[in-house]
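Trainee: After the structure tokens below, expect a handful of questions from me.
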Amino acid sequence: MTLKKEDYPIRVQYDWEMGEFFPKEKMVQRKVSDLAMMFHDQAAVKAAVTDSDPLVYEIFYYGFKTSKSDMALGTTRIQPGKVGDEYYMTKGHFHEAEDQPEIYFCVKGEGYLLMETRDGEFEAHEWTAGTISHIPPMWAHRVVNTGKGPLVFVASYHLSAGHDYGQIEAGGFLKRVVERDGKAVLVLNEARK
């Protein structure tokens with residue numbers, strides 16, 4: 001059998017201090033305006049966007065594609081901050097292919113991994129550097145930064161999994177992570193009552 005160019009092993013180098021890897025294929029930045037529908041306090045969203053529209057997170061991607069398979073590697077760096085009393089978070093998504101899981105590895109920071117099924121089963125895992133989470137198929141997932149510095153995690157999944165944002169954009173997760181008396185707490189999402 002003759003191997004094609006894409007069938008040879010490749011590698012990327014992770015920079016622990018920067019929270020990204022090299023080379024990367026693309027980078028996506030999400031600001032408060034990109035996540036406006038995700039935050040509960042719309043007056044605080046409007047003020048943040050009008051003031052400076054701060055960066056909430058960045059994602060760095062690399063796709064490992066061979067003639068017979070595919071895998072994706074992503075690193076997400078969530079900045080510290082809040083909109084109103086709600087901590088910065090990723091948009092959150094289901095996978096389009098319902099048989100596809102994902103692995104997340106928290107390498108820096110602290111926060112929560114929120115997970116939910118389409119039927120409303122909900123779990124929140126506290127995260128610190130070194131936590132590795134397996135996200136089973138059919139569970140939406142979102143990461144929330146509750147720390148004073150960036151929260152960085154590495155994700156691995158099949159490119160064929162795809163991203164389905166529809167249900168999350170429409171109603172969010174069952175619970176939100178907010179600050180109360182200087183601490184991060186989970187509260188019911190009023191939009192889902």
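Each chain in the structure tokens gets a letter, A, B, ..., in the order shown, and its residues are numbered from 1; ligands are numbered from 1 in order too.
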List the spatial neighbours of Lys91 of chain A as a ChimeraX atom specification - criterion: any atom at most 9 Å away, only C-alpha atoms, same-chain residues fewer than 3 positions off excluded.
Mentor: /A:30,34-35,38,141-143,165,168-169
Trainee: Keeping only N, CA and C atoms, take the residues you just selected and write them out as a short mmCIF file (atom, residue, chain, number, x, y, z; two decimals), in the first residue's frame.
Mentor:
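Listing of result.cif after writing:
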data_model
loop_
_atom_site.label_atom_id
_atom_site.label_comp_id
_atom_site.auth_asym_id
_atom_site.auth_seq_id
_atom_site.Cartn_x
_atom_site.Cartn_y
_atom_site.Cartn_z
N ARG A 30 -14.01 35.49 19.98
CA ARG A 30 -15.40 35.81 20.31
C ARG A 30 -15.42 36.92 21.35
N ASP A 34 -20.47 38.97 20.15
CA ASP A 34 -20.69 37.67 19.51
C ASP A 34 -21.50 36.73 20.39
N LEU A 35 -21.50 36.99 21.69
CA LEU A 35 -22.18 36.12 22.66
C LEU A 35 -23.35 36.82 23.33
N MET A 38 -26.26 35.00 24.82
CA MET A 38 -25.96 34.00 25.85
C MET A 38 -26.05 34.57 27.27
N HIS A 141 -22.13 21.20 25.76
CA HIS A 141 -21.07 21.55 26.69
C HIS A 141 -20.66 23.00 26.53
N ARG A 142 -20.35 23.62 27.69
CA ARG A 142 -19.93 25.02 27.77
C ARG A 142 -18.93 25.10 28.92
N VAL A 143 -17.91 25.95 28.76
CA VAL A 143 -16.93 26.17 29.82
C VAL A 143 -17.05 27.61 30.31
N TYR A 165 -25.44 24.85 17.47
CA TYR A 165 -25.61 25.90 18.47
C TYR A 165 -27.09 26.25 18.71
N ILE A 168 -28.93 25.90 22.25
CA ILE A 168 -28.25 26.72 23.25
C ILE A 168 -28.52 28.20 22.98
N GLU A 169 -28.47 28.62 21.73
CA GLU A 169 -28.78 30.02 21.41
C GLU A 169 -30.21 30.36 21.78
#
Trainee: Can you list, as number ranges by chain, every protein, DNA or RNA residue that comes within 12 Å of Lys24 of chain A when you count only C-alpha atoms, leaving out same-chain residues fewer than 4 positions away?
Mentor: A: 11-15, 20, 28, 59-64, 72-75
Trainee: Residues as selected, C-alpha atoms, written as a CSV table (one decimal), in the first residue's frame, can you do that?
Mentor:
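To be explicit, this is the file written out as result.csv:
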chain,number,residue,atom,x,y,z
A,11,ARG,CA,2.8,16.9,15.4
A,12,VAL,CA,2.2,20.3,16.9
A,13,GLN,CA,4.0,22.0,19.8
A,14,TYR,CA,2.0,23.2,22.8
A,15,ASP,CA,3.1,26.4,24.5
A,20,GLU,CA,-1.8,27.7,22.4
A,28,VAL,CA,-11.4,32.5,16.1
A,59,ILE,CA,-10.0,29.3,19.9
A,60,PHE,CA,-7.0,27.9,18.1
A,61,TYR,CA,-7.7,25.0,15.7
A,62,TYR,CA,-5.7,22.2,14.0
A,63,GLY,CA,-7.3,19.4,12.0
A,64,PHE,CA,-5.5,16.1,11.6
A,72,ALA,CA,-9.4,18.0,15.5
A,73,LEU,CA,-7.4,19.6,18.2
A,74,GLY,CA,-8.5,22.9,19.7
A,75,THR,CA,-7.2,25.1,22.4
Trainee: May I have the residues within 7 Å of Lys108 of chain A as a list in words, using only C-alpha atoms and disregarding those fewer than 5 positions away in the same chain?
Mentor: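 That gives Thr128, Ala129, Leu151, Val152 and Phe153 of chain A.
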Trainee: Neighbours of Glu98 of chain A within 9 Å (only C-alpha atoms; same-chain residues fewer than 3 positions away dropped), as a tab-separated table (two decimals) with N, CA and C atoms, in the first residue's frame?
Mentor:
chain	number	residue	atom	x	y	z
A	94	PHE	N	-24.04	21.49	21.08
A	94	PHE	CA	-24.18	20.05	20.89
A	94	PHE	C	-23.33	19.69	19.68
A	95	HIS	N	-23.11	18.40	19.46
A	95	HIS	CA	-22.51	17.96	18.21
A	95	HIS	C	-23.62	17.60	17.24
A	101	PRO	N	-18.31	11.92	20.91
A	101	PRO	CA	-17.91	12.49	22.20
A	101	PRO	C	-16.81	13.53	22.00
A	137	PRO	N	-21.41	11.48	23.97
A	137	PRO	CA	-22.28	11.92	22.89
A	137	PRO	C	-23.62	12.40	23.44
A	138	MET	N	-24.23	13.31	22.77
A	138	MET	CA	-25.56	13.83	23.06
A	138	MET	C	-25.60	14.77	24.26
A	139	TRP	N	-24.45	15.26	24.73
A	139	TRP	CA	-24.41	16.24	25.81
A	139	TRP	C	-23.85	17.55	25.27
A	161	ALA	N	-17.85	15.54	13.85
A	161	ALA	CA	-18.85	15.76	14.91
A	161	ALA	C	-19.71	16.98	14.60
Trainee: Could you tell me, as number ranges by chain, which residues of segment 25-80 of chain A DSSP assigns to helix (DSSP H, G or I) when given the backbone?
Mentor: A: 32-38, 42-51
Trainee: How would you write, as a count of residues only, the set of residues in segment 4-88 of chain A that DSSP gives as strand (DSSP E or B)?
Mentor: 36
Trainee: Which residue gives the smallest distance to Val107 of chain A among A:Gly172, A:Pro150, A:Gly166, A:Pro136, with only C-alpha atoms counted?
Mentor: A:Pro150
Trainee: Which residue, A:Gly81, A:Gly19, A:Gly130, A:Gly92, has the smallest gap to Phe105 of chain A when you use only C-alpha atoms?
Mentor: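 Result for the nearest residue to Phe105 of chain A: A:Gly130.
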